[in-house]
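Below: the structure, in structure tokens.
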Amino acid sequence: MTNHWIDIRNSDIILIMGSNAAENHPISFRYILEAREKGAKLISVDPRFTRTSASADLYAPLRSGTDIAFLGGMINYIIENKLYQSEYLLLNTNATFLVKPDFKMPGELDGLFSGYDAKKRRYDKSSWGFQRDSRGVPKSDPSMSDPNSVLQLLKKQFSRYDLQTVSSITGTPQEKLTEVYKIYGSSGQAGRAATIMYAMGWTQHTVGTQNIRTMAIIQLLLGNIGIAGGGVNALRGESNVQGSTDHCLLFHILPGYLPTPKSSWNDLATYIKKSTPTTNDPESANWWSNRNKYIVSLLRAHFDSNLTAAEDFGYELLPKLDDGQNASWLMLFDRMFRGDIRGFFAWGQNPACSGSNANKVRDALAKLDWLVSVNLFDNETASFWKGPGVDSASIDTEVFFLPAAVSFEKEGSITNSGRWAQWRYQAVAPLGNSRHDSAMMNELYYRVAELYRQEGGAFPDPITRLSWDYGFKGIDGKIQHLDIHAVAKEINGYFLADKVVKGKQFKKGDLVPSFAFLQADGSTSSGNWLYCQSYNGSGNNMARRSLKDPSGIGLYPEWSWCWPVNRRILYNRASVDATGTPLDKRRPVIWWTGTKWKGDVPDGGWKPLDQAGTKKPFIMLPDGVASIFGAKMKEGPFPEHYEPLESPIAKNPLSGTRVNPAIKRFYEDGKLPVDIFYTDDKRFPFVATTYRVTEHWQTGVMSRNTPWLLEMQPQSFVELSPELAGELSIKNGEWVEIASGRGKVDAVAIVTKRFQPFKVQGKTVHQVGLPWCYGWTTPNVGDSANLLTPTIGDANTMIPETKAFMVNVKKRG
């Protein structure tokens, strides 16, 4: 979230699209209701009429996988009706920048941008750059009238997204489109704020990243970034998804979003040079220029403190990616399926149910030498070897199950969607033989290190030279009871030598006050620079629980701690004009007193933009402004509608390019039958999507083992419209079979008006929906809906496309 949960109550308009907050994030709905009590409008856009839709002022249906078309129409509406905030665009975005004249767009190249290589399935982005002056700074047209300016190119790109075209793609009636666009576009007026609340309904598509990019462009056009009640707000699906991402859950990042080193980056100097963005603009803060401080401090936290600068502080001990390597979820299980991976830790996860194309995942597990499942209960992953249709005698995988403690049985922090890191204390002791995750990791570390000492190995140093000072060590040199506070302090960071920084004297062993004090010379450590301030000389800031709110807008600066440096609303210097005066005087986030900023922690302490020596407000980007034109995207610097991999129509109505041209196509790589797909195929004529229910949690491992929750939602079901049920002679409550090109599941039919047929390109398109919280280890509930979903992912993140695929539905025989 750029903002945070409580801030939703400051919104005048709330768009919930790609999520169903009323059912899946019910606590958040209290803030939506508070906003509505003050007159806010709630808009729900969803293929299904949900509980969120039932609470909304306006509901608009759309076919799954067509969000860019829907939002692209809104961009066209905003520009054509001049609803955008010109001054905001001028000060805070690259809307004024001039793009190279040879840049071409999909309207000219049949759905492609300039530079596409069809054989390599990727772009040469040389034409996607900006025109630059003699200093290397992007040329700019403050009037935004130059045909090569970003705003004019944006206008040209989305002029193709007129109401009739958008309606024919999405299935949304034109009058609904107009109503949504008019209401949301009104937030461009001074003193009004609109926010977006999205979740997996946006991300789990082959164009997932661009779905969010499209909405970010809308928020920038309307001036809704940085302000109270605005922002682009992801609703995380679990209470610590944000925290796990911050601490490098993903393969391509280290803690604090530092890039994972490549194998060709042989030393620390090369890493810093290759991964640090540069700028020639004196008004750009280019905060990532501090990457040298953050990577050195990370190395000092991870490895033996005796490692010196001459040894790159242990840089060679970090894991490296081969150049071009993709180690994302889909790629890992594809390699596992091909027999290239020997062992797998399934720690706190159940991929046999949560993984896209779950039959492929289950077959992949059978090709492992060993599998370790760390979980609360038995689950479909741990017991894959005795699943439906499996010949257990043919499975050679050795499976170990480690019972884990549940969240309230252990102490530590979680970081929620709003970036608030909150400390939780242990409520009860772990049940039976279950253990804390940290206790298991501690034991695992010592045993692996001992094996290296006894038997040697090709490269033992990454283990044997780890820093592991998380508690009292006994006579054997081992920590028996790991101190989670010691871990939190190491994440914050220490001074490793006496040092004067910013005129202040620090002693060796002092906790670093904030990341502004981190050094590149090895004198500081920090396990995650973003969290440097979370546990410092003031104590455990994550454990704070003060209800003081001097802002009056719900910032609560002394309740827990928020990264970065306790800033509650990101990019908040975009909430003021060039003089530092709030754009929204009723709900100011920060303001300039003439000598200093007041309110929230500002995005950098520089003076307002009308004063000399200042810096632009988007401090993490090299140009200092937000990117309406985003050249880092793999499929194009502007969003473009492409059909899902599996679609009910044969062609993309906008162009001859049917699907995202930059996606990794598994079905062309070896042509494995398990990766097959079907589009506009009579065998699988219905669009399907998956979703969650309030009563179950993720794949249901916890909630299916809680009798009263299972009683409330006892079996898998499929929702379908009365019209489709009539065509198929299916009655409410009957058992049906849902099949795709990859698998099939049984479910109870729920015939409901929550789904309605769509009119797409002149033909009727039906959509159905299934929850994905069931699995065969719970008797008589059905199996995972992910047995139906395809092996395909977003071009940028590789997140699987589970929200739009094709199925058939028939009565169970």
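For the structure tokens, the naming scheme is as follows: chains receive sequential letters (A, B, ...) according to their order of presentation, residues are indexed from 1 within each chain, and ligands are indexed from 1 in presentation order.
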
Surrounding residues of Leu153 (chain A) excluding itself and chain neighbours under 2 positions, 12 Å, only C-alpha atoms, as a ChimeraX atom specification:
/A:76,79,94-101,103-107,128,144-151,155-159,628-629,637-638

Find the residues around His696 (chain A) up to 9 Å (only C-alpha atoms counted), leave out those fewer than 4 positions away in its own chain, and share them as a list in words.
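The filter keeps Arg692, Gly700, Val701, Met702, Ser703, Arg704, Leu709, Leu710, Gln713, Cys773 and Tyr774 of chain A.
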
Could the residues in this selection be written to a file with N, CA and C atoms, as an mmCIF file, in the first residue's frame?
data_model
loop_
_atom_site.group_PDB
_atom_site.id
_atom_site.type_symbol
_atom_site.label_atom_id
_atom_site.label_comp_id
_atom_site.auth_asym_id
_atom_site.auth_seq_id
_atom_site.Cartn_x
_atom_site.Cartn_y
_atom_site.Cartn_z
ATOM 1 N N ARG A 692 -11.527 -16.551 -2.972
ATOM 2 C CA ARG A 692 -11.522 -17.020 -1.585
ATOM 3 C C ARG A 692 -12.908 -16.853 -0.974
ATOM 4 N N GLY A 700 -6.788 -23.755 2.925
ATOM 5 C CA GLY A 700 -7.670 -24.385 3.891
ATOM 6 C C GLY A 700 -6.996 -25.294 4.885
ATOM 7 N N VAL A 701 -5.649 -25.338 4.918
ATOM 8 C CA VAL A 701 -4.963 -26.254 5.827
ATOM 9 C C VAL A 701 -5.353 -25.971 7.276
ATOM 10 N N MET A 702 -5.459 -24.700 7.645
ATOM 11 C CA MET A 702 -5.895 -24.367 9.010
ATOM 12 C C MET A 702 -7.407 -24.468 9.151
ATOM 13 N N SER A 703 -8.130 -23.851 8.222
ATOM 14 C CA SER A 703 -9.577 -23.730 8.410
ATOM 15 C C SER A 703 -10.316 -25.040 8.157
ATOM 16 N N ARG A 704 -9.808 -25.891 7.258
ATOM 17 C CA ARG A 704 -10.453 -27.195 7.052
ATOM 18 C C ARG A 704 -10.243 -28.110 8.253
ATOM 19 N N LEU A 709 -15.568 -23.942 11.168
ATOM 20 C CA LEU A 709 -15.391 -23.249 9.889
ATOM 21 C C LEU A 709 -15.724 -24.177 8.723
ATOM 22 N N LEU A 710 -15.306 -25.438 8.831
ATOM 23 C CA LEU A 710 -15.624 -26.400 7.777
ATOM 24 C C LEU A 710 -17.133 -26.619 7.690
ATOM 25 N N GLN A 713 -18.620 -23.779 5.555
ATOM 26 C CA GLN A 713 -18.374 -23.940 4.116
ATOM 27 C C GLN A 713 -17.817 -25.338 3.911
ATOM 28 N N CYS A 773 -9.936 -23.226 -1.830
ATOM 29 C CA CYS A 773 -9.531 -23.536 -0.450
ATOM 30 C C CYS A 773 -9.724 -25.000 -0.067
ATOM 31 N N TYR A 774 -10.050 -25.852 -1.023
ATOM 32 C CA TYR A 774 -10.328 -27.243 -0.682
ATOM 33 C C TYR A 774 -9.223 -28.170 -1.171
#

Polymer residues at most 8 Å from Phe618 (chain A), only C-alpha atoms, same-chain spacing of 5 or more positions, as JSON, numbers by chain:
{"A": [92, 571, 574, 603, 624, 625, 626]}

For the residues in that selection, give me N, CA, C and O atoms as a short mmCIF file (atom, residue, chain, number, x, y, z; two decimals), in the first residue's frame.
data_model
loop_
_atom_site.label_atom_id
_atom_site.label_comp_id
_atom_site.auth_asym_id
_atom_site.auth_seq_id
_atom_site.Cartn_x
_atom_site.Cartn_y
_atom_site.Cartn_z
N ASN A 92 5.13 16.45 -10.79
CA ASN A 92 5.36 15.16 -10.13
C ASN A 92 5.49 13.96 -11.07
O ASN A 92 5.73 12.86 -10.59
N TYR A 571 5.31 9.05 -0.91
CA TYR A 571 5.31 10.12 -1.92
C TYR A 571 4.51 11.33 -1.45
O TYR A 571 3.88 12.03 -2.25
N ALA A 574 4.25 14.91 -2.88
CA ALA A 574 3.37 15.18 -4.02
C ALA A 574 1.99 15.65 -3.57
O ALA A 574 1.15 16.00 -4.41
N ASP A 603 8.80 12.72 2.43
CA ASP A 603 9.64 11.93 1.52
C ASP A 603 10.91 12.71 1.21
O ASP A 603 11.08 13.28 0.14
N GLY A 624 13.31 11.38 -10.57
CA GLY A 624 12.71 12.16 -9.49
C GLY A 624 11.22 12.35 -9.60
O GLY A 624 10.61 13.02 -8.77
N VAL A 625 10.61 11.79 -10.65
CA VAL A 625 9.17 11.93 -10.86
C VAL A 625 8.55 10.56 -11.14
O VAL A 625 9.26 9.61 -11.48
N ALA A 626 7.23 10.48 -11.00
CA ALA A 626 6.53 9.23 -11.24
C ALA A 626 6.49 8.91 -12.72
O ALA A 626 6.43 9.80 -13.57
#

Give me the residues within 8 Å of Val781 (chain A) as a compact mmCIF listing (two decimals) with N, CA, C and O atoms, in the first residue's frame, counting only C-alpha atoms and dropping any in the same chain fewer than 4 places off.
# COMPACT_ATOMS: atom_id res chain seq x y z
N PRO A 714 -18.71 -26.35 3.83
CA PRO A 714 -18.26 -27.74 3.94
C PRO A 714 -17.73 -28.37 2.67
O PRO A 714 -17.03 -29.39 2.74
N GLN A 715 -18.03 -27.80 1.49
CA GLN A 715 -17.66 -28.49 0.25
C GLN A 715 -17.33 -27.49 -0.84
O GLN A 715 -17.81 -26.35 -0.83
N SER A 716 -16.56 -27.96 -1.80
CA SER A 716 -16.26 -27.13 -2.95
C SER A 716 -17.55 -26.88 -3.75
O SER A 716 -18.43 -27.74 -3.81
N TYR A 774 -10.05 -25.85 -1.02
CA TYR A 774 -10.33 -27.24 -0.68
C TYR A 774 -9.22 -28.17 -1.17
O TYR A 774 -8.45 -27.82 -2.07
N GLY A 775 -9.17 -29.36 -0.56
CA GLY A 775 -8.16 -30.35 -0.92
C GLY A 775 -8.56 -31.71 -0.43
O GLY A 775 -9.33 -31.85 0.53
N TRP A 776 -8.02 -32.73 -1.06
CA TRP A 776 -8.48 -34.09 -0.85
C TRP A 776 -8.17 -34.66 0.52
O TRP A 776 -8.80 -35.66 0.93

I want to know what sits within 8 Å of region 531-535 of chain A, based on only C-alpha atoms, with residues of the same chain fewer than 2 positions away left out; could you give that as a PyMOL selection string?
chain A and resi 256+421+488-489+491-493+511-515+526+528-529+537-542+561-565

Please build the interface table for region 576-614 of chain A against region 188-203 of chain A with a cut-off of 12 Å, listing for each qualifying residue the nearest atom pair and the distance in Å to one decimal; count only C-alpha atoms, order rows by chain and increasing number, and write it as CSV.
residue,atom,partner,partner_atom,distance
A:Val576,CA,A:Ala190,CA,11.4
A:Asp577,CA,A:Ala190,CA,11.4
A:Pro582,CA,A:Gly191,CA,9.4
A:Leu583,CA,A:Ala190,CA,6.6
A:Asp584,CA,A:Gly191,CA,4.5
A:Lys585,CA,A:Gly191,CA,7.1
A:Arg586,CA,A:Gly191,CA,7.2
A:Arg587,CA,A:Gly191,CA,8.3
A:Pro588,CA,A:Gly191,CA,9.9

Do a neighbour search on Pro644 (chain A) at 7 Å with only C-alpha atoms, toss out local chain neighbours closer than 3 positions, and write the hits as a ChimeraX atom specification.
/A:65,206,647,659,804

Convert the current residue selection to file output with all heavy atoms, as a short mmCIF file (atom, residue, chain, number, x, y, z; two decimals), in the first residue's frame.
data_model
loop_
_atom_site.label_atom_id
_atom_site.label_comp_id
_atom_site.auth_asym_id
_atom_site.auth_seq_id
_atom_site.Cartn_x
_atom_site.Cartn_y
_atom_site.Cartn_z
N GLY A 65 -10.06 -10.86 -16.94
CA GLY A 65 -8.93 -10.70 -17.85
C GLY A 65 -9.02 -9.49 -18.75
O GLY A 65 -8.18 -9.33 -19.64
N THR A 206 -1.75 -12.73 -16.94
CA THR A 206 -0.56 -12.57 -17.77
C THR A 206 -0.22 -11.09 -17.98
O THR A 206 0.87 -10.77 -18.47
CB THR A 206 -0.75 -13.25 -19.13
OG1 THR A 206 -2.04 -12.91 -19.65
CG2 THR A 206 -0.64 -14.76 -19.02
N SER A 647 -9.06 -17.93 -23.70
CA SER A 647 -10.05 -16.89 -23.91
C SER A 647 -11.26 -17.46 -24.65
O SER A 647 -11.12 -18.42 -25.42
CB SER A 647 -9.42 -15.75 -24.73
OG SER A 647 -10.40 -14.83 -25.18
N VAL A 659 -2.25 -12.43 -27.27
CA VAL A 659 -1.83 -12.51 -25.87
C VAL A 659 -0.59 -11.66 -25.66
O VAL A 659 0.07 -11.24 -26.62
CB VAL A 659 -1.55 -13.97 -25.44
CG1 VAL A 659 -2.82 -14.80 -25.54
CG2 VAL A 659 -0.43 -14.58 -26.26
N ALA A 804 -8.43 -16.18 -14.92
CA ALA A 804 -9.12 -16.21 -16.21
C ALA A 804 -8.63 -17.42 -17.00
O ALA A 804 -7.48 -17.42 -17.45
CB ALA A 804 -8.89 -14.92 -16.98
#

Quick one: residues within 12 Å of Phe459 (chain A), only C-alpha atoms, excluding same-chain residues fewer than 2 positions away - as JSON, numbers by chain?
{"A": [316, 317, 318, 319, 449, 452, 453, 455, 456, 457, 461, 462, 463, 464, 465]}

Can you spit out the residues from that selection as an mmCIF file, in the first residue's frame, using N, CA and C atoms?
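Once written, out-v8.cif looks like this:
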data_model
loop_
_atom_site.group_PDB
_atom_site.id
_atom_site.type_symbol
_atom_site.label_atom_id
_atom_site.label_comp_id
_atom_site.auth_asym_id
_atom_site.auth_seq_id
_atom_site.Cartn_x
_atom_site.Cartn_y
_atom_site.Cartn_z
ATOM 1 N N GLU A 316 31.260 -12.667 -1.960
ATOM 2 C CA GLU A 316 31.327 -13.918 -2.728
ATOM 3 C C GLU A 316 30.487 -15.023 -2.079
ATOM 4 N N LEU A 317 30.106 -14.842 -0.815
ATOM 5 C CA LEU A 317 29.326 -15.858 -0.118
ATOM 6 C C LEU A 317 27.834 -15.764 -0.416
ATOM 7 N N LEU A 318 27.397 -14.632 -0.968
ATOM 8 C CA LEU A 318 25.986 -14.491 -1.322
ATOM 9 C C LEU A 318 25.636 -15.420 -2.483
ATOM 10 N N PRO A 319 24.433 -15.995 -2.476
ATOM 11 C CA PRO A 319 24.011 -16.777 -3.641
ATOM 12 C C PRO A 319 23.873 -15.877 -4.862
ATOM 13 N N ALA A 449 26.072 -26.906 9.482
ATOM 14 C CA ALA A 449 27.426 -26.402 9.721
ATOM 15 C C ALA A 449 28.334 -27.520 10.248
ATOM 16 N N TYR A 452 29.426 -29.811 7.458
ATOM 17 C CA TYR A 452 30.500 -29.198 6.674
ATOM 18 C C TYR A 452 31.841 -29.331 7.398
ATOM 19 N N ARG A 453 31.801 -29.128 8.706
ATOM 20 C CA ARG A 453 33.063 -29.230 9.463
ATOM 21 C C ARG A 453 33.588 -30.658 9.460
ATOM 22 N N GLU A 455 32.714 -33.227 7.224
ATOM 23 C CA GLU A 455 32.863 -33.892 5.926
ATOM 24 C C GLU A 455 33.417 -32.987 4.834
ATOM 25 N N GLY A 456 33.495 -31.690 5.111
ATOM 26 C CA GLY A 456 33.923 -30.763 4.069
ATOM 27 C C GLY A 456 32.825 -30.570 3.036
ATOM 28 N N GLY A 457 33.187 -29.973 1.925
ATOM 29 C CA GLY A 457 32.203 -29.719 0.881
ATOM 30 C C GLY A 457 32.777 -28.766 -0.139
ATOM 31 N N ASP A 461 31.792 -22.110 3.066
ATOM 32 C CA ASP A 461 31.866 -20.806 3.724
ATOM 33 C C ASP A 461 30.536 -20.064 3.847
ATOM 34 N N PRO A 462 29.626 -20.137 2.876
ATOM 35 C CA PRO A 462 28.358 -19.437 3.063
ATOM 36 C C PRO A 462 27.587 -19.879 4.300
ATOM 37 N N ILE A 463 27.841 -21.093 4.778
ATOM 38 C CA ILE A 463 27.211 -21.568 6.013
ATOM 39 C C ILE A 463 28.138 -21.365 7.204
ATOM 40 N N THR A 464 29.362 -21.800 7.081
ATOM 41 C CA THR A 464 30.268 -21.781 8.232
ATOM 42 C C THR A 464 30.698 -20.370 8.621
ATOM 43 N N ARG A 465 30.556 -19.399 7.721
ATOM 44 C CA ARG A 465 30.947 -18.023 8.055
ATOM 45 C C ARG A 465 29.744 -17.099 8.215
#

Hey, what does DSSP flag as alpha helix (DSSP H) within region 363-591 of chain A? Can you give it to me as a PyMOL selection string?
chain A and resi 363-365+437-455+461-464+484-492

Could you pull out all residues of region 416-579 of chain A with a DSSP call of strand (DSSP E or B) and give them as a list in words?
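Assigned to strand (DSSP E or B), within region 416-579 of chain A: Trp420, Ala421, Gln422, Trp423, Arg424, Arg435, Leu466, Lys473, Ile479, Tyr494, Phe495, Lys499, Val500, Val501, Lys504, Gln505, Phe506, Leu511, Thr524, Tyr535, Asn536, Gly539, Asn540, Arg545, Trp559, Trp561, Cys562 and Val576 of chain A.
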
Can you check which parts of region 252-352 of chain A lie within 7 Å of region 604-616 of chain A? Per residue, the shortest pair of atoms and distance in Å to one decimal, counting only C-alpha atoms, sorted by chain and number, as a Markdown table.
| residue | atom | partner | partner_atom | distance |
| --- | --- | --- | --- | --- |
| A:Glu283 | CA | A:Lys615 | CA | 4.4 |
| A:Ser284 | CA | A:Lys615 | CA | 5.4 |
| A:Ala285 | CA | A:Lys615 | CA | 5.7 |

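Between CA of Ser354 (chain A) and CA of Thr679 (chain A) there is a distance of 23.4 Å.
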